[in-house]
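What follows is the content of work.cif (mmCIF, C-alpha atoms and all ligand atoms).
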```
data_my_file
loop_
_atom_site.label_atom_id
_atom_site.label_comp_id
_atom_site.auth_asym_id
_atom_site.auth_seq_id
_atom_site.Cartn_x
_atom_site.Cartn_y
_atom_site.Cartn_z
CA MET X 1 7.09 -11.78 12.70
CA ASP X 2 10.14 -9.58 12.40
CA ARG X 3 11.16 -10.90 9.01
CA ILE X 4 9.22 -12.17 6.02
CA PRO X 5 10.48 -15.63 5.02
CA ILE X 6 12.15 -16.06 1.63
CA LEU X 7 12.00 -19.57 0.15
CA LYS X 8 14.34 -20.91 -2.51
CA MET X 9 12.60 -22.89 -5.26
CA GLY X 10 15.12 -24.04 -7.86
CA PRO X 11 16.43 -20.95 -9.63
CA PHE X 12 13.76 -18.75 -8.05
CA LEU X 13 13.05 -17.12 -4.73
CA LEU X 14 9.49 -17.11 -3.45
CA VAL X 15 8.13 -14.62 -0.96
CA THR X 16 4.60 -14.91 0.33
CA ILE X 17 3.46 -11.82 2.14
CA GLN X 18 0.91 -12.90 4.71
CA VAL X 19 0.80 -10.06 7.19
CA ASP X 20 -0.33 -6.46 7.15
CA MET X 21 3.24 -5.17 6.97
CA HIS X 22 4.37 -2.12 8.85
CA ASP X 23 6.76 0.03 6.87
CA ARG X 24 9.95 -1.18 8.53
CA LEU X 25 9.07 -4.79 7.77
CA ALA X 26 8.58 -3.95 4.10
CA LEU X 27 11.95 -2.20 4.00
CA SER X 28 13.71 -5.14 5.61
CA LEU X 29 12.16 -7.44 3.00
CA GLN X 30 13.68 -5.22 0.33
CA ASP X 31 17.16 -5.56 1.91
CA ASP X 32 16.82 -9.29 2.68
CA LEU X 33 15.80 -10.06 -0.90
CA ALA X 34 18.76 -8.20 -2.37
CA GLU X 35 21.09 -10.20 -0.14
CA ARG X 36 19.45 -13.51 -0.98
CA ILE X 37 19.55 -12.85 -4.72
CA ALA X 38 23.24 -12.09 -4.46
CA SER X 39 24.05 -15.06 -2.22
CA THR X 40 22.01 -17.66 -4.14
CA GLY X 41 22.41 -16.36 -7.68
CA ALA X 42 18.65 -16.65 -8.10
CA ARG X 43 17.44 -15.58 -11.55
CA GLY X 44 13.90 -14.80 -10.58
CA VAL X 45 11.83 -13.57 -7.64
CA LEU X 46 8.15 -14.29 -7.14
CA ILE X 47 6.31 -12.12 -4.67
CA ASP X 48 2.90 -13.49 -3.78
CA ILE X 49 0.66 -10.70 -2.53
CA SER X 50 -2.64 -12.60 -2.71
CA SER X 51 -3.08 -12.15 1.06
CA LEU X 52 -2.46 -8.40 0.92
CA GLU X 53 -5.65 -6.43 1.43
CA ILE X 54 -4.19 -3.13 0.31
CA VAL X 55 -1.18 -1.83 -1.58
CA ASP X 56 -0.55 1.79 -0.73
CA SER X 57 2.14 4.07 -2.13
CA PHE X 58 4.69 2.85 0.41
CA ILE X 59 4.28 -0.83 -0.44
CA GLY X 60 4.11 0.13 -4.10
CA ARG X 61 7.44 1.88 -3.83
CA VAL X 62 8.96 -1.13 -2.05
CA LEU X 63 7.73 -3.48 -4.80
CA ALA X 64 9.15 -1.19 -7.50
CA ASN X 65 12.46 -0.95 -5.62
CA ILE X 66 12.67 -4.72 -5.27
CA ALA X 67 12.10 -5.08 -9.02
CA GLY X 68 14.76 -2.46 -9.75
CA VAL X 69 17.38 -3.93 -7.43
CA SER X 70 16.72 -7.48 -8.69
CA ARG X 71 17.22 -6.34 -12.26
CA VAL X 72 20.59 -4.87 -11.41
CA LEU X 73 21.47 -8.20 -9.78
CA ASP X 74 20.41 -10.03 -12.97
CA ALA X 75 17.14 -11.39 -11.62
CA GLN X 76 13.57 -10.76 -12.72
CA THR X 77 10.75 -10.00 -10.29
CA VAL X 78 7.14 -10.96 -10.79
CA VAL X 79 4.43 -9.84 -8.38
CA VAL X 80 1.64 -12.41 -8.34
CA GLY X 81 -1.88 -12.75 -7.02
CA MET X 82 -2.96 -9.14 -6.64
CA GLN X 83 -6.62 -9.05 -5.57
CA PRO X 84 -8.93 -7.28 -8.04
CA ALA X 85 -10.06 -4.72 -5.45
CA VAL X 86 -6.42 -3.92 -4.75
CA ALA X 87 -5.70 -3.49 -8.46
CA ILE X 88 -8.67 -1.15 -8.92
CA THR X 89 -7.59 0.95 -5.94
CA LEU X 90 -3.98 1.06 -7.06
CA VAL X 91 -4.92 2.57 -10.40
CA GLU X 92 -7.06 5.24 -8.76
CA LEU X 93 -4.32 6.00 -6.26
CA GLY X 94 -2.11 6.72 -9.25
CA LEU X 95 0.45 3.96 -8.76
CA SER X 96 1.75 2.46 -11.95
CA LEU X 97 4.36 0.13 -10.42
CA PRO X 98 7.01 1.00 -13.00
CA GLY X 99 9.14 -1.95 -14.03
CA VAL X 100 7.10 -4.44 -12.02
CA ARG X 101 5.85 -7.47 -13.91
CA THR X 102 2.66 -9.02 -12.64
CA ALA X 103 0.96 -12.39 -13.09
CA LEU X 104 -2.33 -13.84 -11.93
CA ASN X 105 -0.87 -16.54 -9.69
CA VAL X 106 2.35 -18.32 -8.74
CA GLU X 107 2.13 -20.84 -11.61
CA ARG X 108 1.70 -18.12 -14.22
CA GLY X 109 4.48 -16.14 -12.57
CA MET X 110 6.82 -19.14 -12.85
CA GLU X 111 5.94 -19.54 -16.53
CA LEU X 112 6.66 -15.89 -17.09
CA LEU X 113 10.03 -16.16 -15.35
CA ARG X 114 11.00 -19.29 -17.30
CA GLY X 115 10.07 -17.49 -20.48
CA VAL X 116 12.26 -14.46 -19.82
CA MET X 117 15.23 -16.45 -18.55
CA GLU X 118 17.86 -17.53 -21.04
CA PRO X 119 16.91 -20.86 -22.57
CA ASP X 120 18.58 -23.88 -21.10
CA PRO X 121 21.01 -25.23 -23.79
CA ASP X 122 19.88 -28.85 -23.15
CA ALA X 123 16.27 -27.89 -23.65
CA VAL X 124 17.18 -26.29 -26.98
CA ASP X 125 18.98 -29.51 -28.08
CA ASP X 126 15.94 -31.59 -27.19
CA ALA X 127 13.70 -29.36 -29.22
CA GLY X 128 15.94 -29.67 -32.25
CA PRO X 129 17.43 -26.87 -34.33
CA GLU X 130 15.30 -23.85 -34.92
CA GLY X 131 14.65 -22.32 -38.34
CA MET D 132 -26.33 15.09 9.55
CA ARG D 133 -25.56 13.19 12.75
CA VAL D 134 -22.56 11.33 14.08
CA ARG D 135 -24.00 8.01 15.19
CA LYS D 136 -20.85 6.50 16.61
CA ASP D 137 -17.20 7.47 16.87
CA GLU D 138 -13.80 6.33 18.00
CA SER D 139 -10.44 8.05 18.47
CA ARG D 140 -7.10 6.37 18.00
CA PRO D 141 -3.55 7.54 18.55
CA LEU D 142 -1.21 7.83 15.57
CA ARG D 143 2.23 7.98 17.15
CA ALA D 144 4.34 5.30 15.51
CA GLU D 145 4.41 3.04 12.47
CA ASP D 146 2.53 0.28 14.26
CA ASP D 147 -0.35 2.71 14.83
CA VAL D 148 -0.64 3.05 11.05
CA VAL D 149 -1.21 -0.71 10.81
CA ARG D 150 -3.77 -0.57 13.63
CA ALA D 151 -5.52 2.41 12.03
CA ARG D 152 -5.86 0.46 8.77
CA GLN D 153 -7.37 -2.46 10.67
CA ALA D 154 -9.79 -0.23 12.59
CA VAL D 155 -11.00 1.51 9.43
CA ARG D 156 -11.41 -1.87 7.75
CA SER D 157 -13.58 -3.21 10.55
CA TRP D 158 -15.80 -0.11 10.55
CA ALA D 159 -16.16 -0.29 6.78
CA VAL D 160 -17.05 -3.99 6.94
CA GLU D 161 -19.56 -3.36 9.71
CA MET D 162 -21.23 -0.65 7.61
CA GLY D 163 -21.52 -3.00 4.68
CA PHE D 164 -19.24 -1.18 2.22
CA SER D 165 -18.38 -3.20 -0.89
CA LEU D 166 -14.97 -4.83 -0.95
CA VAL D 167 -13.71 -2.27 -3.48
CA ASP D 168 -14.94 0.64 -1.35
CA GLN D 169 -13.44 -0.91 1.79
CA THR D 170 -10.14 -1.23 -0.04
CA LYS D 171 -10.24 2.37 -1.25
CA LEU D 172 -11.06 3.69 2.21
CA VAL D 173 -8.39 1.63 3.96
CA THR D 174 -5.80 2.63 1.37
CA ALA D 175 -6.66 6.33 1.79
CA ALA D 176 -6.48 5.89 5.58
CA SER D 177 -3.09 4.24 5.30
CA GLU D 178 -1.70 7.15 3.27
CA LEU D 179 -3.09 9.82 5.59
CA ALA D 180 -2.18 8.02 8.81
CA ARG D 181 1.39 7.65 7.59
CA ASN D 182 1.53 11.37 6.78
CA THR D 183 0.30 12.19 10.29
CA VAL D 184 3.07 10.06 11.78
CA VAL D 185 5.91 10.91 9.40
CA TYR D 186 5.28 14.59 8.61
CA GLY D 187 2.94 15.63 11.40
CA GLY D 188 5.07 14.19 14.18
CA GLY D 189 2.13 12.05 15.33
CA GLY D 190 -1.46 12.86 16.17
CA THR D 191 -4.84 11.19 16.20
CA LEU D 192 -7.39 9.58 13.95
CA ARG D 193 -11.08 10.02 14.64
CA ILE D 194 -13.46 7.61 12.93
CA GLU D 195 -17.11 8.65 12.72
CA LEU D 196 -20.18 6.91 11.41
CA LEU D 197 -22.32 9.57 9.72
CA GLU D 198 -26.03 9.48 9.09
CA ASP D 199 -27.56 11.95 6.69
CA GLY D 200 -31.19 11.03 6.18
CA ALA D 201 -31.14 7.59 4.64
CA ARG D 202 -27.52 7.97 3.68
CA LYS D 203 -24.66 6.54 5.73
CA GLY D 204 -21.01 7.36 5.52
CA LEU D 205 -17.69 6.97 7.23
CA ARG D 206 -15.71 10.08 8.12
CA LEU D 207 -12.02 9.93 8.99
CA VAL D 208 -10.30 12.91 10.60
CA PHE D 209 -6.50 12.96 10.86
CA VAL D 210 -5.17 15.64 13.19
CA ASP D 211 -1.64 16.59 14.14
CA GLU D 212 0.12 19.57 15.67
CA GLY D 213 3.19 19.31 13.50
CA ALA D 214 4.90 21.68 11.10
CA GLY D 215 1.86 22.10 8.85
CA ILE D 216 1.79 22.34 5.06
CA PRO D 217 2.85 25.74 3.69
CA ASP D 218 1.23 25.24 0.29
CA VAL D 219 -1.60 22.74 0.27
CA GLU D 220 -2.23 22.97 -3.46
CA THR D 221 1.35 22.03 -4.23
CA ALA D 222 1.32 19.24 -1.65
CA LEU D 223 -1.73 17.74 -3.35
CA ARG D 224 0.05 17.50 -6.68
CA ASP D 225 0.94 13.95 -7.73
CA GLY D 226 4.62 13.33 -7.40
CA TYR D 227 5.26 16.17 -4.94
CA THR D 228 7.11 15.06 -1.83
CA THR D 229 9.40 16.71 0.69
CA GLY D 230 10.38 13.26 1.94
CA THR D 231 11.32 10.04 0.19
CA GLY D 232 7.81 8.99 -0.82
CA LEU D 233 6.17 8.89 -4.22
CA GLY D 234 4.12 12.00 -3.52
CA LEU D 235 0.87 10.17 -4.17
CA GLY D 236 -0.56 10.06 -0.66
CA LEU D 237 -2.63 13.24 -0.56
CA GLY D 238 -3.71 13.33 -4.21
CA GLY D 239 -4.36 9.59 -4.24
CA ALA D 240 -6.35 9.64 -1.00
CA LYS D 241 -8.46 12.46 -2.43
CA ARG D 242 -9.33 10.35 -5.47
CA LEU D 243 -10.29 7.37 -3.32
CA VAL D 244 -12.98 9.12 -1.25
CA ASN D 245 -16.08 11.25 -1.89
CA GLU D 246 -15.18 14.28 0.21
CA PHE D 247 -11.73 15.57 1.05
CA ALA D 248 -10.59 18.64 2.99
CA ILE D 249 -7.25 19.85 4.36
CA GLU D 250 -6.84 22.60 6.89
CA SER D 251 -3.24 23.36 7.67
CA ARG D 252 -1.35 26.20 9.24
CA PRO D 253 2.46 26.31 9.18
CA GLY D 254 3.68 25.78 12.71
CA ALA D 255 0.24 24.87 14.02
CA GLY D 256 -0.56 21.53 12.42
CA THR D 257 -2.73 19.79 9.91
CA ARG D 258 -6.22 18.35 9.81
CA VAL D 259 -7.29 16.15 6.92
CA THR D 260 -10.94 15.10 6.74
CA VAL D 261 -12.29 12.51 4.33
CA VAL D 262 -15.75 11.02 3.88
CA LYS D 263 -16.86 8.01 1.95
CA TRP D 264 -20.61 7.62 1.48
CA LYS D 265 -22.26 4.26 1.12
N1 LIG O 301 0.32 15.89 8.13
C1 LIG O 301 1.25 16.57 7.42
N2 LIG O 301 2.02 17.53 8.02
C2 LIG O 301 2.95 18.20 7.33
N3 LIG O 301 3.20 18.01 6.01
C3 LIG O 301 2.48 17.09 5.36
C4 LIG O 301 1.46 16.32 6.02
N4 LIG O 301 0.92 15.49 5.10
C5 LIG O 301 1.54 15.74 3.93
N5 LIG O 301 2.49 16.68 4.08
C6 LIG O 301 3.36 17.25 3.02
O1 LIG O 301 2.78 16.94 1.76
C7 LIG O 301 3.71 16.23 0.95
C8 LIG O 301 2.99 15.27 0.04
O2 LIG O 301 2.39 14.23 0.80
P1 LIG O 301 1.99 12.86 0.09
O3 LIG O 301 1.16 13.21 -1.09
O4 LIG O 301 1.42 11.95 1.10
O5 LIG O 301 3.37 12.31 -0.48
P2 LIG O 301 4.62 11.63 0.30
O6 LIG O 301 4.10 11.08 1.59
O7 LIG O 301 5.07 10.58 -0.63
O8 LIG O 301 5.61 12.72 0.50
C9 LIG O 301 4.65 15.58 1.93
O9 LIG O 301 5.89 15.27 1.34
C10 LIG O 301 4.74 16.64 3.02
O10 LIG O 301 5.64 17.66 2.65
MG MG O 302 2.30 10.34 2.15
#
```
Will you turn the file into structure tokens for me?
Ligand SMILES: Nc1ncnc2c1ncn2[C@@H]1O[C@H](COP(=O)(O)OP(=O)(O)O)[C@@H](O)[C@H]1O
Ligand SMILES: [Mg+2]
Amino acid sequence: MDRIPILKMGPFLLVTIQVDMHDRLALSLQDDLAERIASTGARGVLIDISSLEIVDSFIGRVLANIAGVSRVLDAQTVVVGMQPAVAITLVELGLSLPGVRTALNVERGMELLRGVMEPDPDAVDDAGPEG
Amino acid sequence: MRVRKDESRPLRAEDDVVRARQAVRSWAVEMGFSLVDQTKLVTAASELARNTVVYGGGGTLRIELLEDGARKGLRLVFVDEGAGIPDVETALRDGYTTGTGLGLGLGGAKRLVNEFAIESRPGAGTRVTVVKWK
């Protein structure tokens, strides 16, 4: 439980946070993700927080940092699955998660990532020329 | 107003912050707080417990079940004997931090509860008391 696993799924990395993270664990996730983006050339990162019962300002800062570092490494981050009670609390806490994209679930997050990634040239050919 | 039940927990290290969150959650569940109110209370507790550990050099959390007539509430008292806060009003301002945080802990916690009080003396320590009524 000393590291949060990072899975590679095609061009994306998927992180599912399933524990109540202490601060050090959250910081090591931040570092591990930066390394994995660089070593795999991943273009997108999905962070599934559907199991997280709270997001406080520390976790919020870590999520914003992950999004910022990914962007510099040419990858997009989408945080998915935030529970409604967590979202309500986050707003009242005053956290705006600057630069963090969110989606309802992993599928929607993937769609979002595919949409913001450069179109695959083959896919464009298949679709025919655009007007 | 009576204290029906209480518990004290140490806040020495980061892992105690996790345990404090879990303890506050289980009290809030037991008292029948709504999921949103549980989440607000646990989030406030997380912010304040971290402050006690990081800025206060460690301390304690007391959790109290309050009864005021028909009304029930949960009171959380965070106490440390650390450096104290020289200017509480400034510390409460969103975005103000002397560390590396976002400066949202105190102001945010205040918004998430019904009652909020800080007593702090430089050199003597800090006591933050919050109450959430059901
Ligand atoms: N228990 C405490 N003892 C001493 N100083 C504190 C304590 N709690 C808060 N502070 C001071 O108040 C500031 C604001 O706290 P907070 O709003 O939680 O933001 P952050 O934790 O991001 O710095 C802290 O940076 C610190 O200077
Ligand atoms: Mg804080």
Show which residues sit within 12 Å of Val219 of chain D, as a list in words. Count all atoms listed in the file, and ignore same-chain residues fewer than 4 positions away.
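What passes the distance filter is Gly215, Leu223, Arg224, Tyr227, Thr228, Leu237, Gly238, Ala248, Ile249, Glu250, Ser251, Arg252, Pro253, Thr257, Arg258 and Val259 of chain D.
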Could you check which of D:Gly256, D:Gly163, D:Gly213, D:Gly232 is closest to ligand MG 302 (chain O), using only C-alpha atoms and all ligand atoms?
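Closest candidate: D:Gly232.
Going from atom CA of Glu178 of chain D to atom CA of Ile59 of chain X covers 10.6 Å.
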Choose the residue, out of D:Asn245, D:Thr174, D:Ser139, D:Gln153, that has the smallest atom-to-atom separation from chain X; count only C-alpha atoms.
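Residue with the minimum atom-to-atom distance to chain X: D:Thr174.
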Residues within 6 Å of (-10.3, 14.6, 5.7), file coordinates, counting all atoms listed in the file: what are they? Give the list as an MDAnalysis selection string.
chainID D and resid 207:208 247:248 259:261
Skipping near chain neighbours, those fewer than 6 positions away, what residues fall within 10 Å of Phe164 of chain D using only C-alpha atoms, listed as a tab-separated table (two decimals) with C-alpha atoms, in the coordinates of the input?
```
chain	number	residue	atom	x	y	z
D	156	ARG	CA	-11.41	-1.87	7.75
D	158	TRP	CA	-15.80	-0.11	10.55
D	170	THR	CA	-10.14	-1.23	-0.04
D	172	LEU	CA	-11.06	3.69	2.21
D	204	GLY	CA	-21.01	7.36	5.52
D	205	LEU	CA	-17.69	6.97	7.23
D	263	LYS	CA	-16.86	8.01	1.95
D	264	TRP	CA	-20.61	7.62	1.48
D	265	LYS	CA	-22.26	4.26	1.12
```
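Of the listed residues (D:Val134, D:Leu197, D:Val148, D:Val160), D:Val148 comes nearest to chain X; the distances count all atoms listed in the file.
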Residues of chain D were defined as contacting chain X if any atom lay at most 10 Å from it, counting all atoms listed in the file; please report them as a count of residues only.
40
All file atoms of segment 171-174 of chain D boxed axis-aligned, 5 Å per side, centre plus edges, as JSON:
```
{"center_x": -8.4, "center_y": 2.7, "center_z": 1.4, "size_x": 15.3, "size_y": 12.1, "size_z": 15.2}
```
Write out as a VMD selection string each polymer residue whose atoms come within 8 Å of Glu212 of chain D, counting all atoms listed in the file; drop sequence neighbours fewer than 4 positions from it.
chain D and resid 187 to 190 254 to 257
Could you dump the residues just selected with C-alpha atoms as a compact mmCIF listing (two decimals), keeping the file's coordinate frame?
```txt
# COMPACT_ATOMS: atom_id res chain seq x y z
CA GLY D 187 2.94 15.63 11.40
CA GLY D 188 5.07 14.19 14.18
CA GLY D 189 2.13 12.05 15.33
CA GLY D 190 -1.46 12.86 16.17
CA GLY D 254 3.68 25.78 12.71
CA ALA D 255 0.24 24.87 14.02
CA GLY D 256 -0.56 21.53 12.42
CA THR D 257 -2.73 19.79 9.91
```
Separation of atom C1 of ligand LIG 301 (chain O) from atom CA of Ala222 of chain D, in Å and rounded to one decimal:
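Going from atom C1 of ligand LIG 301 (chain O) over to atom CA of Ala222 of chain D, I get 9.5 Å.
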Which residues come within 12 Å of Gly41 of chain X, counting all atoms listed in the file, excluding same-chain residues fewer than 5 positions away, as a PyMOL selection string?
chain X and resi 8+10-13+33-36+70+73-76
From the set D:Thr221, D:Val185, D:Asp137, D:Arg193, which residue has the shortest atom-to-atom contact distance to ligand MG 302 (chain O), counting only C-alpha atoms and all ligand atoms?
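Smallest separation from ligand MG 302 (chain O) among the options: D:Val185.
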Using all atoms listed in the file, pick whichever of D:Val244, D:Leu179, D:Leu196, D:Val184 has the shortest atom-to-atom distance to Ala214 of chain D.
D:Val184
All residues 12 Å or closer to Met110 of chain X, only C-alpha atoms, same chain fewer than 6 positions away omitted, as a list in words
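With the cut-off at 12 Å, the set is Met9, Gly10, Pro11, Phe12, Leu13, Leu14, Arg43, Gly44, Val45, Leu46, Ile47, Asp48, Gln76, Thr77, Val78, Val79, Val80, Arg101, Thr102, Ala103, Leu104, Val116 and Met117 of chain X.
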Provide the atom CA of Ala26 of chain X to atom CA of Ile66 of chain X distance in Å, to one decimal place.
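If I compute the distance from atom CA of Ala26 of chain X to atom CA of Ile66 of chain X, I get 10.3 Å.
Distance annotation: of D:Val262, D:Ile216, D:Glu198, D:Thr229, the residue with the minimal separation from Val155 of chain D is D:Val262; atom set is all atoms listed in the file.
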